[in-house]
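*Asks:* Pasting in a structure now, in structure tokens, and then I'll have a few things to ask.
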Amino acid sequence: MNLAIAVLKLIAGLITGSSAMLAEAVHSVADTITEILLLTALRVSVRPADRRHPFGYGKARYFWALLAAVSIFASGAVFALYEGFSTVLGEAEEQTSPVVAYAVLAIAFLLESVSWVQALRQVRREAREAGRTLRTHLRDSDDPASKTVLYEDSAALVGLVLAFAGVGLHQLTGSSLWDGLASIAIGVLLAGVAFLLGRTNAGLLIGKQADPGLLVGVRDALDGAPEVEAVVDLQTMLIGTDRVLVCARVDFVDSLTAGELERVCLRLAGALEDRFHDVTEVFIEPVPRSDADLRATVLARYGDRAEYSRVAQDKTQDKTQNKP
């Protein structure tokens, strides 16, 4: 659909001589490229783990979504800014057949509105299932695909309004300045969307911590085990959409034998995977909570919010007080 819209916008831009229409044509081409990249992301990310990628291909979705953000900037924003400044700084241009531009913009707005409503419904449904507000879900979601589609469709609608304003003001005033300014505004809009998506996917690629609610739940589940004295350190990382890696350093009761400790670690890992469906990999390392180097590492990572060190101390005190 985006490719057909791009062709219509290109024809309208060539007929009317509108830089805003040409910018919108390239915008639709960028949307088409984005859709292809997102489809590639969905296909590659579901591949099972293998020898070369033991944690699976979940992060491929972040990589291809990052390329989608780059394509929005490279093929959309740059061209729109170039067209806009060329029109503003160049010689005045005549406008012809603005009705053609209005017709194409109206058709494009109708089609993009349908796509935007569908994308919004999907993101809202995901937010409800995750127990978040829409704003929080857009900020914290580990699925870049639905977010990218919503942002892309939102930018498409705003871009159409800007193009309509540029063509209309050019017709009313006879000055092509407005058309150029509309193209510049479209370029800034696309650059902003590309920046937001790029920052999100860069964070996921680097290795983002899991949702704070899941983090607290995992910590409490480990703390609640009778064999556990304290959770000394807890690290999580998103390794794909709905896939979380958990690494826990735990101080176990000293009375456990080596065999018992092995079985407890297996039981706790299985319990976490059963209770939290997003948890797909669990590593539990027995450590003494009194180790100064480990405590310094935890404090350096979390600073004043090093909850795990404080929780370890509090739990030890509680267990000591509750002993008969």
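Going by the structure tokens order, chains are called A, B, ..., each with residues numbered from 1, while ligands are numbered from 1 in the order shown.
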Tell me which protein, DNA and RNA residues are within 8 Å of A:Ala6, counting only C-alpha atoms, leaving out same-chain ones fewer than 6 positions away, and put them as a ChimeraX atom specification.

*Replies:* /A:24-29

*Asks:* For stretch 182-190 of chain A, please output as a ChimeraX atom specification all residues within 9 Å (counting only C-alpha atoms; exclusion window: fewer than 2 positions along the same chain).

*Replies:* /A:18-24,27,72-73,76-85,87,152,155-156,158-160,162-167,177-180,192-195

*Asks:* Please identify which residues in stretch 149-274 of chain A DSSP calls strand (DSSP E or B) from the backbone, and express them as a list of chain:residue names.

*Replies:*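 Going through stretch 149-274 of chain A, the strand (DSSP E or B) residues come out as A:Val228, A:Glu229, A:Ala230, A:Val231, A:Val232, A:Asp233, A:Leu234, A:Gln235, A:Thr236, A:Met237, A:Leu238, A:Ile239, A:Gly240, A:Arg243, A:Val244, A:Leu245, A:Val246, A:Cys247, A:Ala248, A:Arg249, A:Val250, A:Asp251, A:Phe252.
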
*Asks:* Put those residues in a file: C-alpha atoms, as a PDB file, in the first residue's frame.

*Replies:*
ATOM      1  CA  VAL A 228      18.518 -19.024  50.289  1.00  0.00           C
ATOM      2  CA  GLU A 229      20.140 -16.754  52.834  1.00  0.00           C
ATOM      3  CA  ALA A 230      20.306 -13.707  50.551  1.00  0.00           C
ATOM      4  CA  VAL A 231      20.204 -12.582  46.918  1.00  0.00           C
ATOM      5  CA  VAL A 232      23.547 -10.837  46.631  1.00  0.00           C
ATOM      6  CA  ASP A 233      23.307  -9.724  43.005  1.00  0.00           C
ATOM      7  CA  LEU A 234      20.688 -10.015  40.267  1.00  0.00           C
ATOM      8  CA  GLN A 235      21.224  -9.148  36.617  1.00  0.00           C
ATOM      9  CA  THR A 236      18.744  -9.460  33.778  1.00  0.00           C
ATOM     10  CA  MET A 237      18.947  -8.740  30.062  1.00  0.00           C
ATOM     11  CA  LEU A 238      16.445  -8.780  27.234  1.00  0.00           C
ATOM     12  CA  ILE A 239      17.698 -11.259  24.622  1.00  0.00           C
ATOM     13  CA  GLY A 240      14.651 -10.873  22.399  1.00  0.00           C
ATOM     14  CA  ARG A 243      12.794 -13.417  26.254  1.00  0.00           C
ATOM     15  CA  VAL A 244      14.805 -12.604  29.377  1.00  0.00           C
ATOM     16  CA  LEU A 245      18.165 -13.860  30.604  1.00  0.00           C
ATOM     17  CA  VAL A 246      18.509 -14.012  34.423  1.00  0.00           C
ATOM     18  CA  CYS A 247      21.861 -14.202  36.207  1.00  0.00           C
ATOM     19  CA  ALA A 248      21.666 -14.410  39.999  1.00  0.00           C
ATOM     20  CA  ARG A 249      24.412 -14.553  42.613  1.00  0.00           C
ATOM     21  CA  VAL A 250      22.945 -16.152  45.689  1.00  0.00           C
ATOM     22  CA  ASP A 251      24.220 -16.888  49.198  1.00  0.00           C
ATOM     23  CA  PHE A 252      22.810 -20.287  50.190  1.00  0.00           C
TER      24      PHE A 252
END

*Asks:* Please identify every residue of stretch 139-202 of chain A that has at least one atom no farther than 12 Å from an atom of stretch 42-47 of chain A, counting only C-alpha atoms, and for each give the shortest atom pair and the distance in Å to one decimal, arranged by chain then increasing number, as a Markdown table.

*Replies:*
| residue | atom | partner | partner_atom | distance |
| --- | --- | --- | --- | --- |
| A:Asp143 | CA | A:Leu42 | CA | 10.1 |
| A:Pro144 | CA | A:Leu42 | CA | 10.3 |
| A:Ala145 | CA | A:Leu42 | CA | 8.1 |
| A:Ser146 | CA | A:Leu42 | CA | 11.0 |

*Asks:* Which is closer to A:His137 than all the others in A:Asp211, A:Asp153, A:Glu93, A:Glu260, using only C-alpha atoms?

*Replies:* A:Asp211

*Asks:* Which value, in Å to one decimal, gives the distance between atom CA of A:Ser75 and atom CA of A:Leu120?

*Replies:*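 Answer for the atom CA of A:Ser75 to atom CA of A:Leu120 separation: 25.0 Å.
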
*Asks:* So what do you get for atom CA of A:Leu157 versus atom CA of A:Arg125, distance-wise?

*Replies:* 21.6 Å

*Asks:* So how far away is atom CA of A:Ala108 from atom CA of A:Arg135, in Å?

*Replies:*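 Interatomic distance, atom CA of A:Arg135 to atom CA of A:Ala108: 26.9 Å.
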
*Asks:* Please report, as a Markdown table, each residue of stretch 167-235 of chain A lying at most 10 Å from stretch 61-69 of chain A, together with the nearest pair of atoms and the separation in Å rounded to one decimal; use only C-alpha atoms, and order rows by chain and ascending residue number.

*Replies:*
| residue | atom | partner | partner_atom | distance |
| --- | --- | --- | --- | --- |
| A:Leu190 | CA | A:Ala69 | CA | 9.4 |
| A:Ala191 | CA | A:Ala69 | CA | 9.1 |
| A:Val193 | CA | A:Ala69 | CA | 7.7 |
| A:Ala194 | CA | A:Ala69 | CA | 4.7 |
| A:Phe195 | CA | A:Ala69 | CA | 7.3 |
| A:Leu196 | CA | A:Ala69 | CA | 8.4 |
| A:Leu197 | CA | A:Ala69 | CA | 5.7 |
| A:Gly198 | CA | A:Leu66 | CA | 5.4 |
| A:Arg199 | CA | A:Leu66 | CA | 8.5 |
| A:Thr200 | CA | A:Leu66 | CA | 8.4 |
| A:Asn201 | CA | A:Tyr62 | CA | 5.4 |
| A:Ala202 | CA | A:Leu66 | CA | 7.0 |
| A:Gly203 | CA | A:Tyr62 | CA | 9.2 |
| A:Leu204 | CA | A:Tyr62 | CA | 6.6 |
| A:Leu205 | CA | A:Tyr62 | CA | 6.1 |
| A:Ile206 | CA | A:Tyr62 | CA | 9.9 |

*Asks:* Where in stretch 11-172 of chain A does DSSP assign helix (DSSP H, G or I), given as JSON, numbers by chain?

*Replies:* {"A": [11, 12, 13, 14, 15, 16, 19, 20, 21, 22, 23, 24, 25, 26, 27, 28, 29, 30, 31, 32, 33, 34, 35, 36, 37, 38, 39, 40, 41, 42, 43, 44, 45, 60, 61, 62, 63, 64, 65, 66, 67, 68, 69, 70, 71, 72, 73, 74, 75, 76, 77, 78, 79, 80, 81, 82, 83, 84, 85, 86, 87, 88, 89, 98, 99, 100, 101, 102, 103, 104, 105, 106, 107, 108, 109, 110, 111, 112, 113, 114, 115, 116, 117, 118, 119, 120, 121, 122, 123, 124, 125, 126, 127, 128, 129, 130, 134, 135, 136, 137, 138, 139, 140, 144, 145, 146, 147, 148, 149, 150, 151, 152, 153, 154, 155, 156, 157, 158, 159, 160, 161, 162, 163, 164, 165, 166, 167, 168, 169, 170, 171, 172]}

*Asks:* Using only C-alpha atoms, which of the listed residues (A:Asp242, A:Thr16, A:Leu294, A:Val282) sits closest to A:Gly168?

*Replies:*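 Of A:Asp242, A:Thr16, A:Leu294, A:Val282, the one nearest A:Gly168 is A:Thr16, counting only C-alpha atoms.
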
*Asks:* Write out as a ChimeraX atom specification which residues come within 9 Å of A:Val149 when counting only C-alpha atoms, dropping same-chain ones fewer than 4 positions away.

*Replies:* /A:31,34-35,38,115-116,119,144-145,153-154

*Asks:* Considering only C-alpha atoms, return as number ranges by chain whatever protein or nucleic-acid residues lie within 12 Å of A:Gly213, sequence-local ones (same chain, fewer than 3 positions apart) excluded.

*Replies:* A: 130-132, 140, 209-210, 216-220, 236, 276, 278

*Asks:* Go ahead and save the picked residues with all heavy atoms, as a short mmCIF file (atom, residue, chain, number, x, y, z; two decimals), in the first residue's frame.

*Replies:*
data_model
loop_
_atom_site.label_atom_id
_atom_site.label_comp_id
_atom_site.auth_asym_id
_atom_site.auth_seq_id
_atom_site.Cartn_x
_atom_site.Cartn_y
_atom_site.Cartn_z
N ALA A 130 0.19 -6.28 29.30
CA ALA A 130 1.37 -6.08 30.14
C ALA A 130 1.05 -5.31 31.42
O ALA A 130 1.93 -5.16 32.27
CB ALA A 130 2.46 -5.35 29.36
N GLY A 131 -0.20 -4.83 31.56
CA GLY A 131 -0.58 -4.08 32.74
C GLY A 131 0.06 -2.71 32.82
O GLY A 131 0.36 -2.22 33.90
N ARG A 132 0.25 -2.07 31.65
CA ARG A 132 0.89 -0.76 31.62
C ARG A 132 -0.02 0.25 30.96
O ARG A 132 -0.97 -0.10 30.25
CB ARG A 132 2.19 -0.81 30.81
CG ARG A 132 3.23 -1.80 31.24
CD ARG A 132 4.34 -1.80 30.22
NE ARG A 132 5.41 -2.73 30.52
CZ ARG A 132 6.10 -3.39 29.61
NH1 ARG A 132 5.81 -3.23 28.33
NH2 ARG A 132 7.07 -4.21 29.95
N ASP A 140 8.79 1.29 27.44
CA ASP A 140 9.47 0.12 27.98
C ASP A 140 9.30 -1.16 27.17
O ASP A 140 9.90 -2.18 27.50
CB ASP A 140 8.97 -0.15 29.41
CG ASP A 140 9.28 0.99 30.36
OD1 ASP A 140 10.24 1.74 30.09
OD2 ASP A 140 8.56 1.15 31.36
N GLN A 209 18.00 -3.97 30.71
CA GLN A 209 17.45 -4.72 31.84
C GLN A 209 15.98 -5.05 31.61
O GLN A 209 15.26 -4.33 30.92
CB GLN A 209 17.59 -3.89 33.12
CG GLN A 209 17.04 -4.55 34.37
CD GLN A 209 17.27 -3.70 35.60
OE1 GLN A 209 18.26 -3.84 36.28
NE2 GLN A 209 16.35 -2.78 35.88
N ALA A 210 15.52 -6.16 32.18
CA ALA A 210 14.12 -6.55 32.06
C ALA A 210 13.22 -5.58 32.80
O ALA A 210 13.68 -4.70 33.54
CB ALA A 210 13.93 -7.96 32.60
N VAL A 216 11.72 -7.48 40.27
CA VAL A 216 11.33 -7.61 41.67
C VAL A 216 10.72 -8.99 41.94
O VAL A 216 10.98 -9.61 42.97
CB VAL A 216 10.33 -6.49 42.05
CG1 VAL A 216 9.77 -6.73 43.45
CG2 VAL A 216 11.02 -5.13 41.99
N GLY A 217 9.91 -9.47 40.99
CA GLY A 217 9.30 -10.79 41.16
C GLY A 217 10.33 -11.89 41.23
O GLY A 217 10.23 -12.80 42.06
N VAL A 218 11.35 -11.84 40.37
CA VAL A 218 12.41 -12.84 40.38
C VAL A 218 13.18 -12.77 41.70
O VAL A 218 13.48 -13.81 42.32
CB VAL A 218 13.36 -12.63 39.19
CG1 VAL A 218 14.62 -13.48 39.34
CG2 VAL A 218 12.65 -12.98 37.89
N ARG A 219 13.49 -11.57 42.14
CA ARG A 219 14.22 -11.41 43.40
C ARG A 219 13.44 -11.98 44.57
O ARG A 219 13.97 -12.71 45.41
CB ARG A 219 14.53 -9.93 43.64
CG ARG A 219 15.38 -9.66 44.89
CD ARG A 219 15.26 -8.20 45.30
NE ARG A 219 13.90 -7.88 45.69
CZ ARG A 219 13.44 -6.63 45.84
NH1 ARG A 219 14.23 -5.61 45.58
NH2 ARG A 219 12.20 -6.42 46.22
N ASP A 220 12.13 -11.65 44.63
CA ASP A 220 11.30 -12.14 45.73
C ASP A 220 11.16 -13.66 45.69
O ASP A 220 11.13 -14.31 46.74
CB ASP A 220 9.92 -11.48 45.67
CG ASP A 220 9.96 -10.00 45.99
OD1 ASP A 220 11.00 -9.54 46.54
OD2 ASP A 220 8.98 -9.28 45.69
N THR A 236 19.63 -8.96 34.83
CA THR A 236 18.74 -9.46 33.78
C THR A 236 19.06 -8.74 32.48
O THR A 236 19.57 -7.61 32.48
CB THR A 236 17.26 -9.23 34.13
OG1 THR A 236 17.02 -7.82 34.26
CG2 THR A 236 16.88 -9.94 35.41
N PHE A 276 7.53 -17.14 35.46
CA PHE A 276 7.67 -15.95 34.59
C PHE A 276 7.93 -16.45 33.17
O PHE A 276 9.03 -16.91 32.85
CB PHE A 276 8.82 -15.07 35.07
CG PHE A 276 8.72 -14.66 36.51
CD1 PHE A 276 9.45 -15.33 37.48
CD2 PHE A 276 7.89 -13.63 36.90
CE1 PHE A 276 9.36 -14.97 38.82
CE2 PHE A 276 7.78 -13.26 38.23
CZ PHE A 276 8.52 -13.93 39.20
N ASP A 278 8.42 -14.96 30.45
CA ASP A 278 9.45 -14.26 29.67
C ASP A 278 10.85 -14.77 30.00
O ASP A 278 11.78 -14.55 29.22
CB ASP A 278 9.39 -12.76 29.94
CG ASP A 278 8.17 -12.11 29.30
OD1 ASP A 278 7.43 -12.83 28.60
OD2 ASP A 278 7.95 -10.91 29.50
#

*Asks:* I'd like to know which of A:Leu14, A:Val279, A:Leu261, A:Ala4 is closest to A:Thr96, using only C-alpha atoms.

*Replies:*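 Answer, going by the shortest atom-to-atom distance: A:Leu14.
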